[in-house]
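Peer 1: See query_13.cif below, with mmCIF, C-alpha atoms and all ligand atoms.
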```cif
data_upload
#
loop_
_atom_site.label_atom_id
_atom_site.label_comp_id
_atom_site.auth_asym_id
_atom_site.auth_seq_id
_atom_site.Cartn_x
_atom_site.Cartn_y
_atom_site.Cartn_z
CA MET E 9 0.00 0.00 0.00
CA SER E 10 1.38 3.40 -0.84
CA HIS E 11 0.98 6.27 1.57
CA PRO E 12 0.27 9.91 0.90
CA SER E 13 3.43 12.00 0.86
CA LEU E 14 3.54 14.13 3.97
CA ARG E 15 6.35 16.52 4.84
CA ALA E 16 9.50 14.64 5.83
CA VAL E 17 9.83 16.82 8.96
CA LEU E 18 6.85 14.97 10.48
CA GLY E 19 8.92 11.79 10.48
CA THR E 20 11.52 13.53 12.66
CA LEU E 21 9.01 14.60 15.34
CA ALA E 22 7.91 12.48 18.30
CA PRO E 23 4.23 12.64 19.27
CA TYR E 24 3.56 14.85 22.29
CA ARG E 25 3.30 12.54 25.29
CA PRO E 26 1.78 13.73 28.52
CA SER E 27 3.01 11.86 31.60
CA ALA E 28 1.67 8.33 32.03
CA GLY E 29 -1.49 7.81 34.08
CA LEU E 30 -2.63 11.44 34.15
CA HIS E 31 -5.60 11.14 31.81
CA GLY E 32 -6.52 7.48 32.23
CA PRO E 33 -9.74 6.19 33.83
CA ALA E 34 -8.05 5.65 37.23
CA ALA E 35 -6.33 9.02 37.48
CA THR E 36 -4.73 8.35 40.85
CA THR E 37 -1.43 9.78 39.72
CA ARG E 38 -0.13 12.81 41.58
CA PRO E 39 0.01 15.46 38.84
CA LEU E 40 3.38 17.21 39.22
CA SER E 41 4.44 17.19 35.57
CA ALA E 42 2.60 20.05 33.86
CA ASN E 43 2.99 23.06 36.20
CA GLU E 44 -0.76 23.47 36.56
CA SER E 45 -2.42 25.29 39.41
CA PRO E 46 -3.40 22.74 42.07
CA HIS E 47 -6.49 24.84 42.90
CA THR E 48 -9.89 24.20 41.33
CA PRO E 49 -11.54 27.25 39.72
CA LEU E 50 -13.11 29.93 41.93
CA PRO E 51 -16.95 29.94 41.98
CA GLY E 52 -17.04 33.11 39.86
CA VAL E 53 -15.08 31.36 37.12
CA VAL E 54 -17.25 28.24 37.26
CA GLU E 55 -20.36 30.45 36.93
CA ALA E 56 -18.90 32.26 33.90
CA VAL E 57 -18.13 28.90 32.29
CA ALA E 58 -21.68 27.67 32.89
CA ARG E 59 -23.23 30.87 31.50
CA ALA E 60 -21.04 30.75 28.40
CA GLY E 61 -21.86 27.06 28.00
CA ALA E 62 -25.45 27.99 27.28
CA THR E 63 -24.41 29.84 24.10
CA VAL E 64 -22.11 27.37 22.39
CA ASN E 65 -24.40 26.81 19.42
CA ARG E 66 -22.91 30.15 18.27
CA TYR E 67 -19.35 30.82 17.13
CA PRO E 68 -17.23 32.78 19.58
CA ASP E 69 -16.39 36.47 19.13
CA PRO E 70 -13.37 36.17 16.79
CA GLY E 71 -12.01 39.51 18.01
CA CYS E 72 -12.19 38.48 21.70
CA GLY E 73 -13.54 41.99 22.32
CA PRO E 74 -14.44 41.95 26.04
CA LEU E 75 -11.31 39.99 26.96
CA ILE E 76 -9.00 42.30 25.02
CA ARG E 77 -10.70 45.33 26.59
CA ALA E 78 -10.21 43.84 30.05
CA LEU E 79 -6.54 43.07 29.33
CA ALA E 80 -5.95 46.56 27.94
CA ARG E 81 -7.32 48.00 31.22
CA VAL E 82 -5.15 45.68 33.34
CA HIS E 83 -1.99 46.59 31.42
CA GLY E 84 -2.82 50.28 30.95
CA THR E 85 -2.49 50.00 27.21
CA THR E 86 -4.60 50.07 24.05
CA GLU E 87 -6.55 47.16 22.58
CA ASP E 88 -4.58 47.20 19.32
CA ARG E 89 -1.44 46.18 21.25
CA ILE E 90 -2.92 42.87 22.46
CA ALA E 91 -3.54 39.57 20.65
CA VAL E 92 -5.35 36.63 22.28
CA GLY E 93 -4.75 33.02 21.29
CA ALA E 94 -5.82 29.46 22.17
CA GLY E 95 -3.12 29.24 24.81
CA SER E 96 0.20 31.01 24.43
CA LEU E 97 1.20 27.90 22.45
CA ALA E 98 -1.05 29.07 19.61
CA LEU E 99 0.58 32.51 19.74
CA LEU E 100 4.05 30.95 19.71
CA GLN E 101 3.01 28.96 16.66
CA ALA E 102 1.79 32.17 15.01
CA LEU E 103 5.17 33.80 15.79
CA PHE E 104 7.11 31.00 14.13
CA GLN E 105 4.81 30.97 11.11
CA SER E 106 5.10 34.73 10.80
CA VAL E 107 8.90 34.64 10.43
CA ALA E 108 9.19 31.41 8.41
CA ASP E 109 10.69 32.67 5.17
CA PRO E 110 13.13 30.18 3.58
CA GLY E 111 16.38 30.03 5.59
CA ALA E 112 14.92 31.72 8.69
CA GLU E 113 16.46 30.88 12.07
CA ALA E 114 15.11 31.22 15.61
CA VAL E 115 17.52 31.57 18.53
CA HIS E 116 16.49 30.27 21.94
CA ALA E 117 18.15 28.77 24.99
CA TRP E 118 18.40 25.06 25.71
CA PRO E 119 17.05 23.46 27.78
CA SER E 120 14.04 25.75 27.54
CA PHE E 121 10.35 25.25 26.74
CA GLU E 122 10.27 21.93 24.92
CA VAL E 123 7.80 23.03 22.24
CA TYR E 124 10.06 25.72 20.72
CA PRO E 125 12.07 23.26 18.57
CA THR E 126 8.88 21.44 17.49
CA LEU E 127 7.11 24.65 16.45
CA ALA E 128 10.26 25.74 14.62
CA ALA E 129 10.47 22.44 12.73
CA LEU E 130 6.78 22.55 11.78
CA ALA E 131 7.15 26.09 10.46
CA GLY E 132 10.34 25.25 8.58
CA VAL E 133 12.46 27.51 10.79
CA GLU E 134 15.92 26.43 11.92
CA SER E 135 16.06 26.20 15.73
CA VAL E 136 19.38 27.57 17.04
CA GLN E 137 19.79 26.32 20.62
CA VAL E 138 22.15 28.15 22.96
CA PRO E 139 23.18 26.22 26.11
CA LEU E 140 22.29 27.72 29.49
CA THR E 141 25.07 28.79 31.83
CA ASP E 142 24.43 27.91 35.50
CA GLN E 143 20.88 26.86 34.52
CA THR E 144 20.22 30.44 33.31
CA HIS E 145 19.94 32.11 29.90
CA ASP E 146 23.35 33.16 28.59
CA LEU E 147 22.21 36.31 26.80
CA ARG E 148 25.73 37.19 25.70
CA ALA E 149 26.09 33.80 23.97
CA MET E 150 22.60 34.19 22.49
CA ALA E 151 23.50 37.61 21.08
CA ASP E 152 26.60 36.05 19.50
CA ARG E 153 24.44 33.50 17.68
CA ILE E 154 22.24 36.12 16.02
CA SER E 155 22.96 36.16 12.28
CA PRO E 156 21.37 37.86 9.26
CA ARG E 157 19.15 34.75 9.07
CA THR E 158 17.82 35.18 12.62
CA ARG E 159 14.20 36.28 12.48
CA LEU E 160 13.06 35.38 15.99
CA VAL E 161 14.69 35.27 19.43
CA ILE E 162 12.80 33.73 22.34
CA VAL E 163 13.68 34.35 25.97
CA CYS E 164 11.64 32.18 28.32
CA ASN E 165 11.66 34.25 31.51
CA PRO E 166 11.55 32.68 34.05
CA ASN E 167 12.88 29.69 32.14
CA ASN E 168 11.00 26.43 31.82
CA PRO E 169 12.36 23.89 32.88
CA THR E 170 15.08 25.41 35.10
CA GLY E 171 12.98 28.06 36.88
CA THR E 172 15.67 30.75 36.66
CA LEU E 173 15.02 34.43 35.96
CA VAL E 174 17.08 36.78 33.79
CA ALA E 175 17.50 40.17 35.45
CA HIS E 176 15.61 43.08 33.92
CA ASP E 177 18.71 45.18 33.26
CA GLU E 178 20.38 42.26 31.46
CA LEU E 179 17.32 41.85 29.28
CA ARG E 180 17.28 45.58 28.58
CA ALA E 181 20.94 45.50 27.52
CA PHE E 182 20.33 42.39 25.39
CA LEU E 183 17.55 44.11 23.45
CA THR E 184 19.99 46.78 22.29
CA LEU E 185 22.12 44.00 20.72
CA VAL E 186 19.26 42.51 18.67
CA PRO E 187 18.73 44.05 15.21
CA PRO E 188 15.42 45.92 15.14
CA THR E 189 14.36 43.77 12.17
CA CYS E 190 14.46 40.63 14.34
CA LEU E 191 11.43 39.79 16.47
CA VAL E 192 12.07 39.13 20.19
CA ALA E 193 9.49 37.17 22.20
CA VAL E 194 9.75 37.09 25.99
CA ASP E 195 7.67 34.16 27.22
CA GLU E 196 6.43 35.14 30.69
CA ALA E 197 4.18 32.13 31.36
CA TYR E 198 5.37 32.07 35.00
CA HIS E 199 5.59 35.81 35.60
CA GLU E 200 3.14 35.81 38.53
CA TYR E 201 5.38 33.43 40.50
CA ALA E 202 8.60 35.42 39.96
CA ARG E 203 8.02 37.69 43.00
CA GLY E 204 11.03 39.79 43.82
CA PRO E 205 12.19 43.32 44.51
CA ALA E 206 13.37 44.00 40.93
CA PRO E 207 10.97 44.17 37.97
CA SER E 208 10.49 40.74 36.41
CA THR E 209 8.58 41.64 33.28
CA ALA E 210 9.75 42.98 29.93
CA LEU E 211 6.44 44.78 29.32
CA ASP E 212 7.92 48.19 30.09
CA LEU E 213 10.61 47.63 27.45
CA CYS E 214 8.05 47.37 24.63
CA ALA E 215 7.83 51.15 24.35
CA GLY E 216 11.45 51.46 23.19
CA HIS E 217 11.49 48.24 21.15
CA PRO E 218 8.76 47.75 18.51
CA ASN E 219 10.33 44.33 17.76
CA LEU E 220 9.51 43.05 21.28
CA VAL E 221 6.42 41.02 22.18
CA VAL E 222 5.64 39.66 25.66
CA LEU E 223 3.62 36.45 26.07
CA ARG E 224 1.39 35.66 29.04
CA THR E 225 -1.02 32.83 29.77
CA PHE E 226 -4.12 32.06 31.80
CA SER E 227 -2.94 28.44 32.14
CA LYS E 228 -0.70 28.74 35.20
CA ALA E 229 -1.35 31.35 37.94
CA TYR E 230 -4.88 32.00 36.63
CA GLY E 231 -5.71 28.30 36.78
CA LEU E 232 -7.34 27.91 33.35
CA ALA E 233 -5.03 25.35 31.70
CA GLY E 234 -8.02 23.30 30.54
CA LEU E 235 -9.56 26.22 28.64
CA ARG E 236 -6.56 27.27 26.50
CA THR E 237 -6.17 31.05 26.65
CA GLY E 238 -3.05 33.17 26.35
CA TYR E 239 -2.15 36.60 25.03
CA LEU E 240 0.70 38.75 23.86
CA VAL E 241 1.43 42.44 24.12
CA GLY E 242 3.52 44.37 21.63
CA ASP E 243 3.67 47.13 19.07
CA ALA E 244 0.28 47.73 17.41
CA SER E 245 1.49 47.18 13.84
CA VAL E 246 3.30 43.93 14.77
CA VAL E 247 0.28 42.70 16.76
CA GLY E 248 -1.99 43.49 13.82
CA GLU E 249 0.12 41.28 11.54
CA LEU E 250 0.44 38.46 14.10
CA ARG E 251 -3.34 38.35 14.56
CA LYS E 252 -3.63 37.39 10.88
CA ALA E 253 -1.49 34.29 11.57
CA CYS E 254 -3.94 32.97 14.21
CA LEU E 255 -6.87 30.76 13.28
CA PRO E 256 -10.19 32.60 13.52
CA TYR E 257 -12.57 31.38 16.25
CA ALA E 258 -9.76 29.47 18.00
CA VAL E 259 -10.55 30.93 21.45
CA SER E 260 -13.90 29.56 22.59
CA THR E 261 -16.64 31.65 24.18
CA VAL E 262 -16.22 29.58 27.34
CA ALA E 263 -12.50 30.40 27.44
CA GLN E 264 -13.05 34.11 26.76
CA HIS E 265 -15.68 34.50 29.47
CA ALA E 266 -13.69 32.48 32.00
CA ALA E 267 -10.60 34.60 31.36
CA VAL E 268 -12.57 37.84 31.87
CA ALA E 269 -13.96 36.41 35.12
CA ALA E 270 -10.49 35.32 36.26
CA LEU E 271 -9.11 38.82 35.63
CA GLY E 272 -11.90 40.19 37.80
CA LEU E 273 -10.86 37.78 40.57
CA ALA E 274 -7.13 38.48 40.20
CA ASP E 275 -6.71 39.45 43.88
CA GLN E 276 -7.95 36.07 45.07
CA LEU E 277 -5.99 34.19 42.41
CA LEU E 278 -2.78 36.00 43.26
CA ARG E 279 -3.26 35.09 46.93
CA ARG E 280 -3.23 31.49 45.76
CA VAL E 281 0.06 32.27 44.03
CA ASP E 282 1.38 33.49 47.41
CA SER E 283 0.65 30.07 48.87
CA THR E 284 2.33 28.30 45.94
CA VAL E 285 5.42 30.49 46.38
CA ALA E 286 5.53 29.57 50.10
CA GLU E 287 5.08 25.90 49.21
CA ARG E 288 7.90 26.20 46.67
CA THR E 289 10.22 27.37 49.47
CA ARG E 290 9.09 24.52 51.71
CA VAL E 291 9.68 21.85 49.04
CA ARG E 292 13.01 23.31 47.91
CA ASP E 293 14.29 23.58 51.49
CA ALA E 294 13.33 19.96 52.12
CA LEU E 295 15.14 18.87 48.95
CA LEU E 296 18.24 20.87 49.91
CA ARG E 297 18.20 19.13 53.29
CA GLN E 298 18.09 15.80 51.47
CA GLY E 299 21.22 16.90 49.61
CA TRP E 300 19.78 17.78 46.19
CA ASP E 301 21.19 20.45 43.94
CA VAL E 302 18.12 22.68 43.24
CA PRO E 303 18.49 26.03 41.44
CA ASP E 304 16.52 28.89 42.97
CA SER E 305 13.15 28.87 41.22
CA ARG E 306 11.03 31.88 40.32
CA THR E 307 8.19 29.68 39.04
CA ASN E 308 5.74 27.05 40.29
CA PHE E 309 8.18 24.18 39.66
CA LEU E 310 11.65 23.04 40.69
CA TRP E 311 14.48 21.70 38.53
CA LEU E 312 16.72 18.82 39.52
CA PRO E 313 19.77 18.85 37.24
CA LEU E 314 20.43 15.11 37.36
CA GLY E 315 22.09 14.69 33.96
CA PRO E 316 22.42 10.98 33.14
CA LEU E 317 20.31 9.96 36.16
CA ALA E 318 17.26 11.97 35.09
CA ALA E 319 15.46 9.10 33.35
CA ASP E 320 16.10 6.77 36.30
CA PHE E 321 14.59 9.23 38.77
CA GLY E 322 11.63 9.89 36.42
CA THR E 323 10.87 6.17 36.29
CA TRP E 324 11.29 5.91 40.07
CA CYS E 325 8.60 8.59 40.57
CA ALA E 326 6.27 7.10 37.93
CA ARG E 327 6.40 3.71 39.71
CA ARG E 328 5.17 5.51 42.81
CA ASP E 329 2.30 7.12 40.86
CA ILE E 330 3.94 10.53 40.87
CA ALA E 331 4.00 12.25 37.47
CA VAL E 332 7.09 14.45 37.04
CA ARG E 333 8.67 15.62 33.81
CA ALA E 334 11.98 13.88 33.06
CA PHE E 335 14.25 15.32 30.39
CA PRO E 336 16.57 12.38 29.70
CA GLY E 337 20.22 13.35 30.03
CA LEU E 338 19.36 16.75 31.53
CA GLY E 339 17.18 16.72 34.61
CA VAL E 340 13.74 16.34 36.12
CA ARG E 341 11.17 19.12 36.51
CA VAL E 342 8.65 18.78 39.32
CA SER E 343 5.69 21.11 39.77
CA VAL E 344 4.89 22.67 43.13
CA GLY E 345 1.46 21.19 43.79
CA ALA E 346 -0.86 20.46 46.67
CA ALA E 347 1.06 19.89 49.92
CA GLU E 348 -0.05 16.26 50.13
CA ASP E 349 1.22 15.49 46.63
CA ASP E 350 4.45 17.37 47.31
CA ASP E 351 4.96 15.32 50.50
CA HIS E 352 4.64 12.11 48.49
CA PHE E 353 7.18 13.45 46.04
CA LEU E 354 9.58 14.41 48.85
CA ALA E 355 9.31 10.91 50.32
CA ALA E 356 10.05 9.38 46.89
CA ALA E 357 12.98 11.77 46.39
CA GLY E 358 14.48 10.88 49.78
CA ALA E 359 14.08 7.16 49.10
CA TRP E 360 15.76 7.52 45.72
CA ARG E 361 18.78 9.21 47.27
CA SER E 362 19.11 6.41 49.82
CA ALA E 363 18.88 3.84 47.02
CA ARG E 364 21.46 5.69 44.88
CA PRO E 365 24.25 6.54 47.32
CA THR E 366 26.62 7.60 44.51
CA ALA E 367 24.32 10.53 43.77
CA THR E 368 24.86 12.06 47.22
CA PRO E 369 26.58 15.43 47.58
CA GLY E 370 30.26 15.71 48.30
CA THR E 371 31.15 13.17 45.63
CA GLY E 372 31.30 15.90 42.99
CA GLN E 373 28.72 13.97 41.02
CA THR E 374 25.99 16.56 40.94
CA ARG E 375 28.45 19.12 39.63
CA GLN E 376 29.57 16.67 36.98
CA PHE E 377 25.94 16.02 35.95
CA ARG E 378 25.35 19.70 35.52
CA THR E 379 28.31 19.99 33.16
CA THR E 380 26.90 17.10 31.14
CA ALA E 381 23.55 18.81 30.90
CA GLU E 382 25.11 22.01 29.64
CA ALA E 383 27.19 20.21 27.06
CA SER E 384 24.23 18.46 25.45
C1 LIG C 401 2.96 26.43 30.31
C2 LIG C 401 3.73 27.31 29.40
C3 LIG C 401 3.09 28.10 28.47
C4 LIG C 401 1.60 28.16 28.45
O1 LIG C 401 1.07 27.56 27.38
P1 LIG C 401 -0.51 27.70 27.16
O2 LIG C 401 -0.62 27.30 25.73
O3 LIG C 401 -0.86 29.14 27.38
O4 LIG C 401 -1.17 26.77 28.09
C5 LIG C 401 3.83 28.94 27.66
N1 LIG C 401 5.16 29.00 27.78
C6 LIG C 401 5.81 28.27 28.69
C7 LIG C 401 7.27 28.42 28.83
C8 LIG C 401 5.12 27.39 29.52
O5 LIG C 401 5.78 26.64 30.40
#
```
If you took the structure in this file and wrote it as structure tokens, what would it be?
Peer 2:
Amino acid sequence: MSHPSLRAVLGTLAPYRPSAGLHGPAATTRPLSANESPHTPLPGVVEAVARAGATVNRYPDPGCGPLIRALARVHGTTEDRIAVGAGSLALLQALFQSVADPGAEAVHAWPSFEVYPTLAALAGVESVQVPLTDQTHDLRAMADRISPRTRLVIVCNPNNPTGTLVAHDELRAFLTLVPPTCLVAVDEAYHEYARGPAPSTALDLCAGHPNLVVLRTFSKAYGLAGLRTGYLVGDASVVGELRKACLPYAVSTVAQHAAVAALGLADQLLRRVDSTVAERTRVRDALLRQGWDVPDSRTNFLWLPLGPLAADFGTWCARRDIAVRAFPGLGVRVSVGAAEDDDHFLAAAGAWRSARPTATPGTGQTRQFRTTAEAS
């Protein structure tokens, strides 16, 4: 039997695999692999979802009018500077497709958000991956890799999967090194968890840099991962073009109304973020006491730079019904979840260290693993 000819690039891509057990009939697995909010939606959000549900015989508002108006108010900007998409993933896809002339390259760090190379490949853009230094973006090295072919630079800040934050003044200096013809996207999916004295968003830099767009999502701190809503902010003429690269009607009425409701309940939702940030400190401190090497995280997850032992630890957790995200050869990312789930994870982590005495600190092994991760 002959098969239809599909693009060869599809043969190079692995299917997206969520962690085992999460979506099966007996979903007993502790969900610490996807950086979701552990909190169920606030009553006001559930009510908005139910109300919108009664109208789904109609197409959604393709312009996302009320949501864009609400976002413009929140950010003190104009509606023409905001685009909404079916998750920030859809907006990232639109970014890649919008720069995908033949020979185009996109520069991003590695390890960083795992979908960047896939979206690049699908769009026919070359993904140029710049290794992290000390688990953090090396902006100097990234600037060095910008060539006349570079059409897009992505800075995931804070970075997924390492949780580290690039300082605002470093980002500001970096932007002056990027040619104004090259688009820069700062992916701030975890912005709400960054919490610190210095500014942790690039939004204020948009005014001086029309080539800068900032991505945000309702999937993490706003707790709407299941509804798929994200947005970006940038220069009005760039945003106008990017909107054309998004599928019409992609953001459902239910998602739009829930996002407006969530914005209205931001105070309560951000108090939940406070508790996640406190829980992050508790879990990290416990891991440090167990002897783990854990970079300081500005997100709702922690990174364990295990190098060659990452897959082993991922399997260890899966056998105990704990879903974490293992990046073979690099490390394991574990979400900060409900305290009970985190306690199970901490018990599994402690047991793993006892079972793998060569991975204990003082042997120089964790340092060696980190070097391996950076080299790959
Ligand atoms: C979770 C995440 C997103 C959000 O994706 P959505 O499509 O909005 O759910 C975007 N960027 C990064 C780095 C993420 O980790």
Peer 1: Given all atoms listed in the file as the basis, pick out the residue of E:Pro316, E:Thr37, E:Ala91, E:Ala286 nearest to Arg328 in chain E.
Peer 2: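 Distance minimum relative to Arg328 in chain E lands on E:Thr37.
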Peer 1: For ligand LIG 401 (chain C), return the neighbouring residues as a PyMOL selection string (distance at most 10 Å; all atoms listed in the file).
Peer 2: chain E and resi 42-44+93-101+120-124+163-169+171+194-198+223-228+231-239+307-309
Peer 1: Give the answer as one residue: which of E:Asp69, E:Asp304, E:Asp109, E:Asp275 has the shortest atom-to-atom distance to Glu200 in chain E, using all atoms listed in the file?
Peer 2: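 Among the listed residues, the smallest separation from Glu200 in chain E belongs to E:Asp275.
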Peer 1: Which one is closest to Glu87 in chain E: E:Pro125, E:Gly345, E:Gly248, E:Gly339? Count all atoms listed in the file.
Peer 2: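 When distances to Glu87 in chain E are compared using all atoms listed in the file, the smallest one comes from E:Gly248.
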Peer 1: Using CA of Ile154 in chain E and CA of Ala16 in chain E as the two end points, give the distance in Å to one decimal.
Peer 2: 27.0 Å
Peer 1: Using only C-alpha atoms, which residues sit within 8 Å of Ala229 in chain E once same-chain residues fewer than 5 positions away are excluded, as an NGL selection string?
Peer 2: :E and (45 or 198 or 200-201 or 277-278 or 281)
Peer 1: Write to file, as a PDB file, in the frame of the given file, the residues of the selection just made, with C-alpha atoms.
Peer 2:
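Contents of selection28.pdb, freshly written:
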```pdb
ATOM      1  CA  SER E  45      -2.420  25.290  39.410  1.00  0.00           C
ATOM      2  CA  TYR E 198       5.370  32.070  35.000  1.00  0.00           C
ATOM      3  CA  GLU E 200       3.140  35.810  38.530  1.00  0.00           C
ATOM      4  CA  TYR E 201       5.380  33.430  40.500  1.00  0.00           C
ATOM      5  CA  LEU E 277      -5.990  34.190  42.410  1.00  0.00           C
ATOM      6  CA  LEU E 278      -2.780  36.000  43.260  1.00  0.00           C
ATOM      7  CA  VAL E 281       0.060  32.270  44.030  1.00  0.00           C
TER       8      VAL E 281
END
```
Peer 1: Could you jot down the CA of Thr209 in chain E to CA of Val174 in chain E separation for me, Å, one decimal place?
Peer 2: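 It comes out at 9.8 Å.
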Peer 1: Which residue out of E:Phe321, E:Trp311, E:Trp360, E:Tyr230 has the minimum interatomic distance to Ser343 in chain E when only C-alpha atoms are used?
Peer 2: E:Trp311
Peer 1: Distance CA of Pro26 in chain E-CA of Ser41 in chain E, one decimal place?
Peer 2: 8.3 Å
Peer 1: From (16.2, 43.3, 28.4), in the file's coordinates, out to 10 Å: which residues are reached, counting all atoms listed in the file? Answer as a list in words.
Peer 2: Leu147, Val163, Val174, Ala175, His176, Asp177, Glu178, Leu179, Arg180, Ala181, Phe182, Leu183, Thr184, Leu185, Val194, Thr209, Ala210, Leu211, Asp212, Leu213, Cys214, His217 and Leu220 of chain E
Peer 1: Kindly indicate which residue among E:Pro46, E:Ala128, E:Arg38, E:Pro12 lies nearest to His352 in chain E, using all atoms listed in the file for the distances.
Peer 2: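 Residue with the minimum atom-to-atom distance to His352 in chain E: E:Arg38.
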Peer 1: Would you list the contacts of Ala318 in chain E as a list in words, taking every protein, DNA or RNA residue within 10 Å and counting only C-alpha atoms, but skipping same-chain residues closer than 2 positions in sequence?
Peer 2: Leu312, Pro313, Leu314, Gly315, Pro316, Asp320, Phe321, Gly322, Thr323, Trp324, Arg333, Ala334, Phe335, Pro336, Gly337, Leu338, Gly339, Val340, Arg341 and Phe377 of chain E
Peer 1: Tell me which protein, DNA and RNA residues are within 12 Å of Gln298 in chain E, counting only C-alpha atoms, leaving out same-chain ones fewer than 6 positions away, and put them as an MDAnalysis selection string.
Peer 2: chainID E and resid 291:292 354:362 365 367:369
Peer 1: Find the spatial neighbours of Arg251 in chain E, counting all atoms listed in the file, within a cut-off of 12 Å - ignore same-chain residues fewer than 2 positions away - and output them as a ChimeraX atom specification.
Peer 2: /E:70-72,88-94,98-103,105-106,239-242,244-249,253-258
Peer 1: Which neighbours of range 49-62 of chain E fall inside 6 Å, counting all atoms listed in the file, when residues of the same chain fewer than 6 positions from it are skipped, and could you give them as a PyMOL selection string?
Peer 2: chain E and resi 262+265-266+269
Peer 1: I need the chosen residues saved as a short mmCIF file (atom, residue, chain, number, x, y, z; two decimals), in the coordinates of the input, with C-alpha atoms.
Peer 2:
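For reference, result_7.cif as written:
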```
data_model
loop_
_atom_site.label_atom_id
_atom_site.label_comp_id
_atom_site.auth_asym_id
_atom_site.auth_seq_id
_atom_site.Cartn_x
_atom_site.Cartn_y
_atom_site.Cartn_z
CA VAL E 262 -16.22 29.58 27.34
CA HIS E 265 -15.68 34.50 29.47
CA ALA E 266 -13.69 32.48 32.00
CA ALA E 269 -13.96 36.41 35.12
#
```
Peer 1: Which residue gives the smallest distance to Arg153 in chain E among E:Leu75, E:Val138, E:Ala319, E:Val222, with only C-alpha atoms counted?
Peer 2: E:Val138
Peer 1: Would you mind putting N, CA, C and O atoms back on range 47-58 of chain E and writing the result as a short mmCIF file (atom, residue, chain, number, x, y, z; two decimals), in the frame of the given file?
Peer 2:
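The new file result14.cif reads:
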```cif
data_model
loop_
_atom_site.label_atom_id
_atom_site.label_comp_id
_atom_site.auth_asym_id
_atom_site.auth_seq_id
_atom_site.Cartn_x
_atom_site.Cartn_y
_atom_site.Cartn_z
N HIS E 47 -5.20 24.37 42.37
CA HIS E 47 -6.49 24.84 42.90
C HIS E 47 -7.59 24.72 41.85
O HIS E 47 -7.39 25.12 40.70
N THR E 48 -8.75 24.23 42.26
CA THR E 48 -9.89 24.20 41.33
C THR E 48 -10.41 25.63 41.14
O THR E 48 -10.14 26.51 41.97
N PRO E 49 -11.15 25.87 40.03
CA PRO E 49 -11.54 27.25 39.72
C PRO E 49 -12.41 27.88 40.81
O PRO E 49 -13.20 27.19 41.46
N LEU E 50 -12.27 29.19 40.99
CA LEU E 50 -13.11 29.93 41.93
C LEU E 50 -14.57 29.89 41.45
O LEU E 50 -14.83 29.77 40.25
N PRO E 51 -15.53 30.01 42.38
CA PRO E 51 -16.95 29.94 41.98
C PRO E 51 -17.30 30.93 40.86
O PRO E 51 -18.05 30.58 39.95
N GLY E 52 -16.73 32.11 40.90
CA GLY E 52 -17.04 33.11 39.86
C GLY E 52 -16.62 32.64 38.47
O GLY E 52 -17.28 32.94 37.46
N VAL E 53 -15.54 31.88 38.40
CA VAL E 53 -15.08 31.36 37.12
C VAL E 53 -16.00 30.22 36.67
O VAL E 53 -16.40 30.15 35.50
N VAL E 54 -16.36 29.36 37.61
CA VAL E 54 -17.25 28.24 37.26
C VAL E 54 -18.59 28.79 36.74
O VAL E 54 -19.14 28.29 35.76
N GLU E 55 -19.09 29.85 37.38
CA GLU E 55 -20.36 30.45 36.93
C GLU E 55 -20.23 31.02 35.52
O GLU E 55 -21.11 30.85 34.68
N ALA E 56 -19.10 31.69 35.25
CA ALA E 56 -18.90 32.26 33.90
C ALA E 56 -18.85 31.14 32.86
O ALA E 56 -19.40 31.28 31.76
N VAL E 57 -18.22 30.04 33.21
CA VAL E 57 -18.13 28.90 32.29
C VAL E 57 -19.53 28.35 32.01
O VAL E 57 -19.90 28.08 30.86
N ALA E 58 -20.33 28.22 33.06
CA ALA E 58 -21.68 27.67 32.89
C ALA E 58 -22.53 28.60 32.03
O ALA E 58 -23.25 28.15 31.12
#
```
